[in-house]
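J.: What follows is the file start.pdb, containing PDB, C-alpha atoms and all ligand atoms:
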```
ATOM      1  CA  MET A   1     124.079  -8.013  83.326
ATOM      2  CA  THR A   2     121.331  -5.651  82.216
ATOM      3  CA  PRO A   3     120.820  -5.095  78.476
ATOM      4  CA  ASP A   4     122.464  -1.672  78.947
ATOM      5  CA  GLN A   5     125.616  -3.164  80.388
ATOM      6  CA  GLN A   6     125.513  -5.849  77.755
ATOM      7  CA  SER A   7     125.436  -3.165  75.077
ATOM      8  CA  MET A   8     128.682  -1.765  76.461
ATOM      9  CA  SER A   9     130.629  -4.984  76.013
ATOM     10  CA  HIS A  10     132.265  -5.152  72.591
ATOM     11  CA  THR A  11     130.091  -7.994  71.298
ATOM     12  CA  ARG A  12     127.358  -6.943  68.904
ATOM     13  CA  VAL A  13     124.454  -9.373  68.753
ATOM     14  CA  ILE A  14     122.392  -9.138  65.562
ATOM     15  CA  SER A  15     119.251 -11.147  64.762
ATOM     16  CA  ILE A  16     118.695 -11.841  61.090
ATOM     17  CA  ALA A  17     114.917 -12.010  60.974
ATOM     18  CA  ASN A  18     111.846 -11.786  58.780
ATOM     19  CA  GLN A  19     108.751 -13.894  59.359
ATOM     20  CA  LYS A  20     108.628 -14.732  55.641
ATOM     21  CA  GLY A  21     110.472 -17.846  54.550
ATOM     22  CA  GLY A  22     112.819 -17.899  51.587
ATOM     23  CA  VAL A  23     113.829 -14.231  51.706
ATOM     24  CA  GLY A  24     117.549 -14.815  52.273
ATOM     25  CA  LYS A  25     117.891 -14.843  56.085
ATOM     26  CA  THR A  26     120.115 -17.897  56.225
ATOM     27  CA  THR A  27     122.128 -16.939  53.157
ATOM     28  CA  THR A  28     122.722 -13.492  54.646
ATOM     29  CA  THR A  29     123.665 -14.916  58.061
ATOM     30  CA  ILE A  30     126.201 -17.351  56.619
ATOM     31  CA  ASN A  31     127.810 -15.005  54.121
ATOM     32  CA  LEU A  32     127.842 -11.891  56.270
ATOM     33  CA  ALA A  33     129.409 -13.987  59.051
ATOM     34  CA  THR A  34     132.051 -15.288  56.640
ATOM     35  CA  ALA A  35     132.812 -11.824  55.286
ATOM     36  CA  LEU A  36     133.231 -10.479  58.838
ATOM     37  CA  ALA A  37     135.471 -13.413  59.785
ATOM     38  CA  ALA A  38     137.549 -12.708  56.668
ATOM     39  CA  VAL A  39     138.491  -9.317  58.103
ATOM     40  CA  ARG A  40     139.523 -11.003  61.367
ATOM     41  CA  LYS A  41     136.387 -10.378  63.363
ATOM     42  CA  SER A  42     135.466 -13.284  65.620
ATOM     43  CA  VAL A  43     131.955 -14.370  64.788
ATOM     44  CA  LEU A  44     129.452 -16.815  66.260
ATOM     45  CA  VAL A  45     126.427 -17.911  64.248
ATOM     46  CA  ILE A  46     123.505 -19.264  66.267
ATOM     47  CA  ASP A  47     121.153 -21.406  64.197
ATOM     48  CA  LEU A  48     117.706 -20.866  65.693
ATOM     49  CA  ASP A  49     115.719 -22.335  62.817
ATOM     50  CA  PRO A  50     114.566 -25.953  63.309
ATOM     51  CA  GLN A  51     115.261 -26.508  59.596
ATOM     52  CA  GLY A  52     118.955 -26.153  60.411
ATOM     53  CA  ASN A  53     119.880 -24.587  57.094
ATOM     54  CA  ALA A  54     122.611 -22.410  58.576
ATOM     55  CA  SER A  55     124.150 -25.503  60.178
ATOM     56  CA  THR A  56     124.081 -27.331  56.839
ATOM     57  CA  GLY A  57     125.369 -24.305  54.938
ATOM     58  CA  LEU A  58     128.319 -24.004  57.309
ATOM     59  CA  GLY A  59     129.166 -27.672  56.937
ATOM     60  CA  VAL A  60     127.939 -29.116  60.253
ATOM     61  CA  ALA A  61     127.057 -32.769  59.533
ATOM     62  CA  SER A  62     123.565 -33.794  60.617
ATOM     63  CA  ASN A  63     125.010 -36.431  62.951
ATOM     64  CA  ASN A  64     127.062 -33.760  64.674
ATOM     65  CA  ARG A  65     124.244 -31.631  66.017
ATOM     66  CA  ASP A  66     123.259 -33.279  69.276
ATOM     67  CA  LYS A  67     124.552 -30.312  71.251
ATOM     68  CA  GLY A  68     122.800 -27.314  69.819
ATOM     69  CA  SER A  69     120.582 -24.299  70.293
ATOM     70  CA  TYR A  70     117.668 -26.304  71.693
ATOM     71  CA  GLN A  71     119.761 -27.692  74.509
ATOM     72  CA  VAL A  72     121.077 -24.223  75.235
ATOM     73  CA  LEU A  73     117.572 -22.708  75.312
ATOM     74  CA  SER A  74     116.254 -25.466  77.514
ATOM     75  CA  GLY A  75     119.165 -25.061  79.932
ATOM     76  CA  GLN A  76     120.512 -28.587  79.485
ATOM     77  CA  ILE A  77     123.935 -27.332  78.481
ATOM     78  CA  LEU A  78     125.879 -24.082  78.611
ATOM     79  CA  ALA A  79     126.175 -22.031  75.443
ATOM     80  CA  GLN A  80     129.942 -22.578  75.346
ATOM     81  CA  GLU A  81     129.427 -26.356  75.303
ATOM     82  CA  ALA A  82     127.418 -26.102  72.083
ATOM     83  CA  ILE A  83     129.916 -24.002  70.148
ATOM     84  CA  GLN A  84     131.659 -25.704  67.227
ATOM     85  CA  LYS A  85     134.409 -24.550  64.908
ATOM     86  CA  THR A  86     133.610 -24.180  61.232
ATOM     87  CA  GLN A  87     136.017 -24.576  58.305
ATOM     88  CA  ILE A  88     136.434 -20.789  58.369
ATOM     89  CA  PRO A  89     138.993 -19.436  60.835
ATOM     90  CA  GLY A  90     137.327 -17.127  63.348
ATOM     91  CA  LEU A  91     133.813 -18.360  62.542
ATOM     92  CA  PHE A  92     131.983 -20.578  65.033
ATOM     93  CA  ILE A  93     128.464 -21.970  65.198
ATOM     94  CA  ILE A  94     125.888 -23.215  67.653
ATOM     95  CA  PRO A  95     123.952 -25.570  65.357
ATOM     96  CA  ALA A  96     120.242 -26.283  65.464
ATOM     97  CA  ASP A  97     119.710 -29.675  67.056
ATOM     98  CA  MET A  98     116.815 -31.959  66.201
ATOM     99  CA  ASN A  99     114.630 -31.013  69.135
ATOM    100  CA  LEU A 100     114.464 -27.337  68.246
ATOM    101  CA  ALA A 101     111.221 -27.973  66.375
ATOM    102  CA  GLY A 102     109.486 -28.622  69.700
ATOM    103  CA  ALA A 103     110.935 -25.561  71.410
ATOM    104  CA  GLU A 104     108.253 -23.148  70.194
ATOM    105  CA  VAL A 105     105.582 -25.106  72.098
ATOM    106  CA  GLU A 106     107.731 -25.855  75.137
ATOM    107  CA  LEU A 107     108.766 -22.240  75.579
ATOM    108  CA  VAL A 108     105.166 -21.122  76.065
ATOM    109  CA  SER A 109     105.137 -22.484  79.609
ATOM    110  CA  ALA A 110     108.827 -21.917  80.442
ATOM    111  CA  ASP A 111     110.127 -19.445  83.035
ATOM    112  CA  TYR A 112     111.637 -16.304  81.495
ATOM    113  CA  ARG A 113     110.360 -17.642  78.200
ATOM    114  CA  GLU A 114     111.397 -14.588  76.184
ATOM    115  CA  TYR A 115     114.833 -14.348  77.801
ATOM    116  CA  ARG A 116     116.156 -17.921  77.643
ATOM    117  CA  LEU A 117     118.713 -17.128  74.966
ATOM    118  CA  GLN A 118     119.666 -13.761  76.419
ATOM    119  CA  LYS A 119     120.380 -15.379  79.787
ATOM    120  CA  ALA A 120     122.289 -18.265  78.227
ATOM    121  CA  LEU A 121     124.551 -15.846  76.336
ATOM    122  CA  GLU A 122     124.979 -13.600  79.336
ATOM    123  CA  ASN A 123     125.939 -16.530  81.602
ATOM    124  CA  ALA A 124     128.427 -17.801  79.042
ATOM    125  CA  GLY A 125     130.298 -14.478  78.947
ATOM    126  CA  LEU A 126     131.329 -15.136  75.354
ATOM    127  CA  ASP A 127     133.983 -13.028  73.730
ATOM    128  CA  PHE A 128     133.007 -12.602  70.079
ATOM    129  CA  ASP A 129     132.981  -9.435  68.012
ATOM    130  CA  TYR A 130     129.686 -10.452  66.419
ATOM    131  CA  ILE A 131     126.972 -12.948  67.200
ATOM    132  CA  LEU A 132     124.563 -13.436  64.285
ATOM    133  CA  ILE A 133     121.325 -15.272  65.027
ATOM    134  CA  ASP A 134     119.592 -16.966  62.095
ATOM    135  CA  CYS A 135     115.864 -16.852  62.919
ATOM    136  CA  PRO A 136     113.057 -19.164  61.792
ATOM    137  CA  PRO A 137     110.369 -17.859  59.409
ATOM    138  CA  ALA A 138     107.869 -16.962  62.146
ATOM    139  CA  LEU A 139     107.430 -14.387  64.880
ATOM    140  CA  GLY A 140     107.057 -16.973  67.647
ATOM    141  CA  PHE A 141     109.071 -17.500  70.811
ATOM    142  CA  LEU A 142     112.254 -18.496  69.016
ATOM    143  CA  THR A 143     112.408 -15.190  67.143
ATOM    144  CA  ILE A 144     111.317 -13.287  70.271
ATOM    145  CA  ASN A 145     114.168 -14.971  72.172
ATOM    146  CA  ALA A 146     116.566 -13.884  69.443
ATOM    147  CA  LEU A 147     115.283 -10.300  69.546
ATOM    148  CA  CYS A 148     115.540 -10.170  73.352
ATOM    149  CA  ALA A 149     119.158 -11.328  73.177
ATOM    150  CA  SER A 150     120.102  -8.837  70.445
ATOM    151  CA  HIS A 151     121.284  -5.282  70.115
ATOM    152  CA  SER A 152     119.734  -5.077  66.691
ATOM    153  CA  ILE A 153     117.799  -6.783  63.942
ATOM    154  CA  MET A 154     118.823  -7.037  60.320
ATOM    155  CA  VAL A 155     115.943  -7.642  57.926
ATOM    156  CA  PRO A 156     116.532  -9.324  54.569
ATOM    157  CA  LEU A 157     113.838  -8.285  52.134
ATOM    158  CA  GLN A 158     113.143  -9.843  48.778
ATOM    159  CA  CYS A 159     112.036  -7.330  46.156
ATOM    160  CA  GLU A 160     108.600  -8.712  45.389
ATOM    161  CA  PHE A 161     105.056  -7.438  45.527
ATOM    162  CA  PHE A 162     104.107  -8.476  49.089
ATOM    163  CA  ALA A 163     107.433  -7.515  50.629
ATOM    164  CA  LEU A 164     106.214  -4.219  52.081
ATOM    165  CA  GLU A 165     103.098  -5.751  53.575
ATOM    166  CA  GLY A 166     105.089  -8.288  55.566
ATOM    167  CA  ILE A 167     107.615  -5.746  56.703
ATOM    168  CA  SER A 168     105.099  -3.418  58.324
ATOM    169  CA  HIS A 169     103.947  -6.324  60.506
ATOM    170  CA  LEU A 170     107.576  -7.023  61.372
ATOM    171  CA  MET A 171     108.238  -3.362  62.242
ATOM    172  CA  ARG A 172     105.226  -3.362  64.597
ATOM    173  CA  THR A 173     106.593  -6.472  66.310
ATOM    174  CA  ILE A 174     109.989  -4.799  66.713
ATOM    175  CA  GLU A 175     108.303  -1.770  68.318
ATOM    176  CA  LYS A 176     106.394  -4.047  70.708
ATOM    177  CA  VAL A 177     109.536  -5.938  71.694
ATOM    178  CA  LYS A 178     111.330  -2.645  72.229
ATOM    179  CA  ALA A 179     108.504  -1.238  74.338
ATOM    180  CA  SER A 180     108.039  -4.228  76.615
ATOM    181  CA  LEU A 181     110.941  -6.664  76.432
ATOM    182  CA  ASN A 182     114.213  -5.232  75.125
ATOM    183  CA  PRO A 183     114.476  -1.415  75.102
ATOM    184  CA  ILE A 184     117.900  -1.350  73.442
ATOM    185  CA  LEU A 185     116.779  -3.219  70.316
ATOM    186  CA  GLU A 186     117.327  -1.215  67.154
ATOM    187  CA  VAL A 187     117.087  -1.846  63.451
ATOM    188  CA  GLN A 188     120.574  -2.579  62.137
ATOM    189  CA  GLY A 189     119.350  -2.325  58.586
ATOM    190  CA  ILE A 190     117.228  -3.689  55.774
ATOM    191  CA  VAL A 191     119.061  -5.600  53.069
ATOM    192  CA  LEU A 192     117.486  -6.152  49.671
ATOM    193  CA  THR A 193     118.124  -9.712  48.544
ATOM    194  CA  MET A 194     117.861 -11.769  45.352
ATOM    195  CA  TYR A 195     117.692  -8.545  43.414
ATOM    196  CA  ASP A 196     117.263  -8.778  39.663
ATOM    197  CA  GLY A 197     117.734  -5.397  38.012
ATOM    198  CA  ARG A 198     116.155  -6.644  34.764
ATOM    199  CA  ASN A 199     112.876  -7.173  36.544
ATOM    200  CA  ASN A 200     110.801  -3.955  36.580
ATOM    201  CA  LEU A 201     108.803  -5.005  39.610
ATOM    202  CA  ALA A 202     111.982  -5.643  41.611
ATOM    203  CA  THR A 203     113.272  -2.170  40.706
ATOM    204  CA  MET A 204     109.978  -0.567  41.689
ATOM    205  CA  VAL A 205     109.809  -2.405  45.023
ATOM    206  CA  ALA A 206     113.442  -1.515  45.779
ATOM    207  CA  ASP A 207     112.690   2.167  45.065
ATOM    208  CA  ASP A 208     109.590   2.060  47.275
ATOM    209  CA  VAL A 209     111.468   0.437  50.144
ATOM    210  CA  ARG A 210     114.177   3.100  49.929
ATOM    211  CA  LYS A 211     111.598   5.907  49.796
ATOM    212  CA  TYR A 212     109.746   4.528  52.769
ATOM    213  CA  PHE A 213     112.632   3.431  55.006
ATOM    214  CA  GLY A 214     115.370   5.827  53.872
ATOM    215  CA  ASP A 215     118.814   5.411  55.393
ATOM    216  CA  ILE A 216     118.172   2.140  57.184
ATOM    217  CA  VAL A 217     118.233   0.364  53.812
ATOM    218  CA  TYR A 218     121.763  -0.740  52.916
ATOM    219  CA  LYS A 219     123.177   0.630  49.679
ATOM    220  CA  THR A 220     124.371  -2.873  48.834
ATOM    221  CA  MET A 221     121.765  -5.042  47.139
ATOM    222  CA  ILE A 222     122.401  -8.786  46.990
ATOM    223  CA  PRO A 223     121.886  -9.903  43.380
ATOM    224  CA  ARG A 224     120.137 -13.122  42.468
ATOM    225  CA  ASN A 225     123.086 -15.338  41.691
ATOM    226  CA  VAL A 226     123.192 -19.034  40.900
ATOM    227  CA  ARG A 227     126.540 -19.571  42.662
ATOM    228  CA  VAL A 228     124.969 -18.318  45.905
ATOM    229  CA  SER A 229     122.185 -20.875  45.641
ATOM    230  CA  GLU A 230     124.598 -23.718  44.810
ATOM    231  CA  ALA A 231     126.932 -23.117  47.742
ATOM    232  CA  PRO A 232     124.840 -24.646  50.615
ATOM    233  CA  SER A 233     124.696 -28.058  48.932
ATOM    234  CA  HIS A 234     128.495 -28.086  49.196
ATOM    235  CA  GLY A 235     128.303 -27.192  52.900
ATOM    236  CA  LYS A 236     130.082 -23.927  52.181
ATOM    237  CA  PRO A 237     129.283 -20.227  52.283
ATOM    238  CA  ALA A 238     129.137 -18.662  48.795
ATOM    239  CA  LEU A 239     132.198 -16.663  49.802
ATOM    240  CA  ILE A 240     134.233 -19.867  50.092
ATOM    241  CA  TYR A 241     132.525 -21.686  47.207
ATOM    242  CA  ASP A 242     133.148 -18.881  44.729
ATOM    243  CA  MET A 243     134.666 -15.767  46.201
ATOM    244  CA  ARG A 244     134.491 -13.846  42.945
ATOM    245  CA  CYS A 245     130.843 -14.339  42.035
ATOM    246  CA  ALA A 246     128.576 -11.309  42.139
ATOM    247  CA  GLY A 247     126.742 -12.597  45.212
ATOM    248  CA  SER A 248     129.926 -13.056  47.231
ATOM    249  CA  ARG A 249     131.172  -9.613  46.251
ATOM    250  CA  ALA A 250     127.879  -8.124  47.394
ATOM    251  CA  TYR A 251     128.146  -9.808  50.792
ATOM    252  CA  ILE A 252     131.671  -8.375  51.181
ATOM    253  CA  ASP A 253     130.205  -4.924  50.442
ATOM    254  CA  LEU A 254     127.417  -5.534  52.956
ATOM    255  CA  ALA A 255     129.986  -6.473  55.607
ATOM    256  CA  SER A 256     131.882  -3.244  55.015
ATOM    257  CA  GLU A 257     128.671  -1.263  55.449
ATOM    258  CA  VAL A 258     128.050  -3.102  58.734
ATOM    259  CA  LEU A 259     131.614  -2.370  59.889
ATOM    260  CA  LYS A 260     131.152   1.304  59.041
ATOM    261  CA  GLN A 261     127.976   1.339  61.143
ATOM    262  CA  GLU A 262     129.989  -0.027  64.047
ATOM    263  CA  GLN A 263     132.513   2.812  63.666
ATOM    264  CA  SER A 264     129.758   5.403  63.643
ATOM    265  CA  ILE A 265     128.178   3.827  66.757
ATOM    266  CA  ALA A 266     131.555   3.953  68.516
ATOM    267  CA  ALA A 267     132.189   7.578  67.514
TER     268      ALA A 267
HETATM  269  P1  LIG A 301     115.427 -17.924  54.422
HETATM  270  O1  LIG A 301     116.495 -18.280  55.384
HETATM  271  O2  LIG A 301     114.890 -16.553  54.610
HETATM  272  O3  LIG A 301     114.343 -18.945  54.361
HETATM  273  P2  LIG A 301     117.394 -18.609  52.396
HETATM  274  O4  LIG A 301     118.599 -17.825  52.710
HETATM  275  O5  LIG A 301     117.388 -20.048  52.818
HETATM  276  O6  LIG A 301     116.094 -17.884  52.960
HETATM  277  O7  LIG A 301     117.127 -18.488  50.833
HETATM  278  C1  LIG A 301     116.037 -19.140  50.216
HETATM  279  C2  LIG A 301     116.514 -19.827  48.947
HETATM  280  O8  LIG A 301     116.977 -18.850  48.029
HETATM  281  C3  LIG A 301     117.657 -20.779  49.174
HETATM  282  O9  LIG A 301     117.512 -21.874  48.325
HETATM  283  C4  LIG A 301     118.890 -19.965  48.819
HETATM  284  O10 LIG A 301     119.959 -20.766  48.358
HETATM  285  C5  LIG A 301     118.339 -19.085  47.697
HETATM  286  N1  LIG A 301     119.030 -17.785  47.662
HETATM  287  C6  LIG A 301     119.219 -16.925  48.692
HETATM  288  N2  LIG A 301     119.876 -15.824  48.288
HETATM  289  C7  LIG A 301     120.110 -15.990  46.961
HETATM  290  C8  LIG A 301     120.760 -15.194  45.951
HETATM  291  N3  LIG A 301     121.296 -14.005  46.220
HETATM  292  N4  LIG A 301     120.787 -15.696  44.685
HETATM  293  C9  LIG A 301     120.236 -16.899  44.394
HETATM  294  N5  LIG A 301     119.630 -17.682  45.281
HETATM  295  C10 LIG A 301     119.560 -17.246  46.557
HETATM  296 MG    MG A 302     116.528 -19.834  56.809
END
```
Represent the structure contained in this file as structure tokens.

T.:
Amino acid sequence: MTPDQQSMSHTRVISIANQKGGVGKTTTTINLATALAAVRKSVLVIDLDPQGNASTGLGVASNNRDKGSYQVLSGQILAQEAIQKTQIPGLFIIPADMNLAGAEVELVSADYREYRLQKALENAGLDFDYILIDCPPALGFLTINALCASHSIMVPLQCEFFALEGISHLMRTIEKVKASLNPILEVQGIVLTMYDGRNNLATMVADDVRKYFGDIVYKTMIPRNVRVSEAPSHGKPALIYDMRCAGSRAYIDLASEVLKQEQSIAA
């Protein structure tokens, strides 16, 4: 299947990426996935970060990760063999297995090194509404594989001083991937995370990002919220841990913005 044909199937593959660590990629992946599953979308999360935080946050025990994204990338198993159920109906995960840390180096000399994930997903013929790929904090081969397998990239951005600097590098990488590897890749949106409205700098950065990037910035801002940060240690998405907290409500709002985007793409 060419990327064009792939884009016509109903599955939407979204990479959650930003080369900075600690900006809310994993938190966004887990909670957006949960919010989409809550409205009866079928969702697969692929944990592509060797740290395995998405796997932990969705309750996959560390001794239950021997079949994971590394084995899929390296062609040892089929994607469908690595898929596990989560505690949330409709939400599935391919966890990050231990060997993923070595994948970045091994991929350098692999055949089709940028397209390993894309091919694995294509061969599996999976039938999900959404596939969300949680990327590692680097723009190496793992993230490139995610971007080559995706229709779009969602960028979580923390409202801090260096945020804009990092994002221009990321935008250049997206343009390069689009030009040479995956022409259909588009920016799904930028989501402002860990927002604290009492902090003047955060407000200024948020305003700047909106001025600069306009409509691709989601209206929803994810507030800094202690319940959101507690949830992963319970192996649960914030939405399950405390559905009513401000962070969970924001992720529900983000999911409805994403669903509206899908309607406008279809129209
Ligand atoms: P990344 O995947 O980009 O490295 P994470 O999603 O793991 O970032 O978030 C980094 C840290 O910040 C984690 O400890 C996470 O629990 C915490 N965190 C993320 N989003 C929020 C939020 N909205 N409020 C409070 N803490 C958050
Ligand atoms: Mg992460």

J.: Please report as JSON lines every residue of range 123-192 of chain A lying within 12 Å of range 88-95 of chain A, along with the nearest atom pair and their distance in Å (one decimal), using all atoms listed in the file.

T.:
```
{"residue": "A:Leu126", "atom": "CA", "partner": "A:Phe92", "partner_atom": "CA", "distance": 11.7}
{"residue": "A:Asp127", "atom": "CA", "partner": "A:Gly90", "partner_atom": "CA", "distance": 11.7}
{"residue": "A:Phe128", "atom": "CA", "partner": "A:Gly90", "partner_atom": "CA", "distance": 9.2}
{"residue": "A:Asp129", "atom": "CA", "partner": "A:Gly90", "partner_atom": "CA", "distance": 10.0}
{"residue": "A:Tyr130", "atom": "CA", "partner": "A:Leu91", "partner_atom": "CA", "distance": 9.7}
{"residue": "A:Ile131", "atom": "CA", "partner": "A:Ile93", "partner_atom": "CA", "distance": 9.4}
{"residue": "A:Leu132", "atom": "CA", "partner": "A:Ile93", "partner_atom": "CA", "distance": 9.4}
{"residue": "A:Ile133", "atom": "CA", "partner": "A:Ile94", "partner_atom": "CA", "distance": 9.5}
{"residue": "A:Asp134", "atom": "CA", "partner": "A:Pro95", "partner_atom": "CA", "distance": 10.2}
```

J.: Could you check the closest approach to Gly125 in chain A for each of A:Ser109, A:Leu254, A:Leu78, A:Met243 and tell me which residue wins, using all atoms listed in the file?

T.: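 For Gly125 in chain A, the nearest of the given residues is A:Leu78.
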
J.: Ligand MG 302 (chain A): which residues are within 6 Å, counting only C-alpha atoms and all ligand atoms, as an NGL selection string?

T.: :A and (25-26 or 53)

J.: Distance limit 7 Å, reference ligand LIG 301 (chain A), atoms considered: only C-alpha atoms and all ligand atoms. Which residues make the cut? Give them as a list in words.

T.: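 The neighbouring residues of ligand LIG 301 (chain A) are, in order, Lys20, Gly21, Gly22, Val23, Gly24, Lys25, Thr26, Thr27, Thr28, Asn53, Pro137, Thr193, Met194, Ile222, Pro223, Arg224, Asn225, Val226, Val228, Ser229, Glu230, Pro232 and Gly247 of chain A.
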
J.: What does the structure give for the distance between CA of Phe161 in chain A and CA of Met221 in chain A, in Å to one decimal?

T.: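 These two atoms are separated by 17.0 Å.
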
J.: Pull out every residue that the PyMOL selection byres (((chain A and resi 71) around 12) and not hetatm) matches in the shown coordinates and put them as a ChimeraX atom specification.

T.: /A:48,65-70,72-83,94-103,116-117,120

J.: In terms of the shortest atom-to-atom distance over only C-alpha atoms, which of A:Ala124, A:Ala54, A:Leu164, A:Ile184 is closest to Cys148 in chain A?

T.: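 For Cys148 in chain A, the nearest of the given residues is A:Ile184.
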
J.: Identify the residues within 12 Å of coordinate (129.6, -2.3, 54.7) (same frame as the file), considering all atoms listed in the file, and give the answer as an mmCIF file with C-alpha atoms, keeping the file's coordinate frame.

T.:
```
data_model
loop_
_atom_site.group_PDB
_atom_site.id
_atom_site.type_symbol
_atom_site.label_atom_id
_atom_site.label_comp_id
_atom_site.auth_asym_id
_atom_site.auth_seq_id
_atom_site.Cartn_x
_atom_site.Cartn_y
_atom_site.Cartn_z
ATOM 1 C CA LEU A 32 127.842 -11.891 56.270
ATOM 2 C CA ALA A 35 132.812 -11.824 55.286
ATOM 3 C CA LEU A 36 133.231 -10.479 58.838
ATOM 4 C CA VAL A 39 138.491 -9.317 58.103
ATOM 5 C CA GLN A 188 120.574 -2.579 62.137
ATOM 6 C CA GLY A 189 119.350 -2.325 58.586
ATOM 7 C CA VAL A 191 119.061 -5.600 53.069
ATOM 8 C CA VAL A 217 118.233 0.364 53.812
ATOM 9 C CA TYR A 218 121.763 -0.740 52.916
ATOM 10 C CA LYS A 219 123.177 0.630 49.679
ATOM 11 C CA THR A 220 124.371 -2.873 48.834
ATOM 12 C CA MET A 221 121.765 -5.042 47.139
ATOM 13 C CA ARG A 249 131.172 -9.613 46.251
ATOM 14 C CA ALA A 250 127.879 -8.124 47.394
ATOM 15 C CA TYR A 251 128.146 -9.808 50.792
ATOM 16 C CA ILE A 252 131.671 -8.375 51.181
ATOM 17 C CA ASP A 253 130.205 -4.924 50.442
ATOM 18 C CA LEU A 254 127.417 -5.534 52.956
ATOM 19 C CA ALA A 255 129.986 -6.473 55.607
ATOM 20 C CA SER A 256 131.882 -3.244 55.015
ATOM 21 C CA GLU A 257 128.671 -1.263 55.449
ATOM 22 C CA VAL A 258 128.050 -3.102 58.734
ATOM 23 C CA LEU A 259 131.614 -2.370 59.889
ATOM 24 C CA LYS A 260 131.152 1.304 59.041
ATOM 25 C CA GLN A 261 127.976 1.339 61.143
ATOM 26 C CA GLU A 262 129.989 -0.027 64.047
ATOM 27 C CA GLN A 263 132.513 2.812 63.666
ATOM 28 C CA SER A 264 129.758 5.403 63.643
#
```

J.: Please identify all polymer residues within 6 Å of Asn145 in chain A, counting all atoms listed in the file, omitting same-chain residues fewer than 4 positions from it, and present them as an NGL selection string.

T.: :A and (114-115 or 117 or 141)

J.: Extract, using all atoms listed in the file, all DNA, RNA and protein residues at most 8 Å from range 200-214 of chain A, discarding same-chain residues fewer than 5 positions from it, and format them as a PyMOL selection string.

T.: chain A and resi 159-161+163-164+192+195

J.: The selected residues should be written to file as a compact mmCIF listing (two decimals), in the coordinates of the input (atoms: C-alpha atoms).

T.:
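After the write, out_7.txt holds the following:
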```txt
# COMPACT_ATOMS: atom_id res chain seq x y z
CA CYS A 159 112.04 -7.33 46.16
CA GLU A 160 108.60 -8.71 45.39
CA PHE A 161 105.06 -7.44 45.53
CA ALA A 163 107.43 -7.52 50.63
CA LEU A 164 106.21 -4.22 52.08
CA LEU A 192 117.49 -6.15 49.67
CA TYR A 195 117.69 -8.54 43.41
```
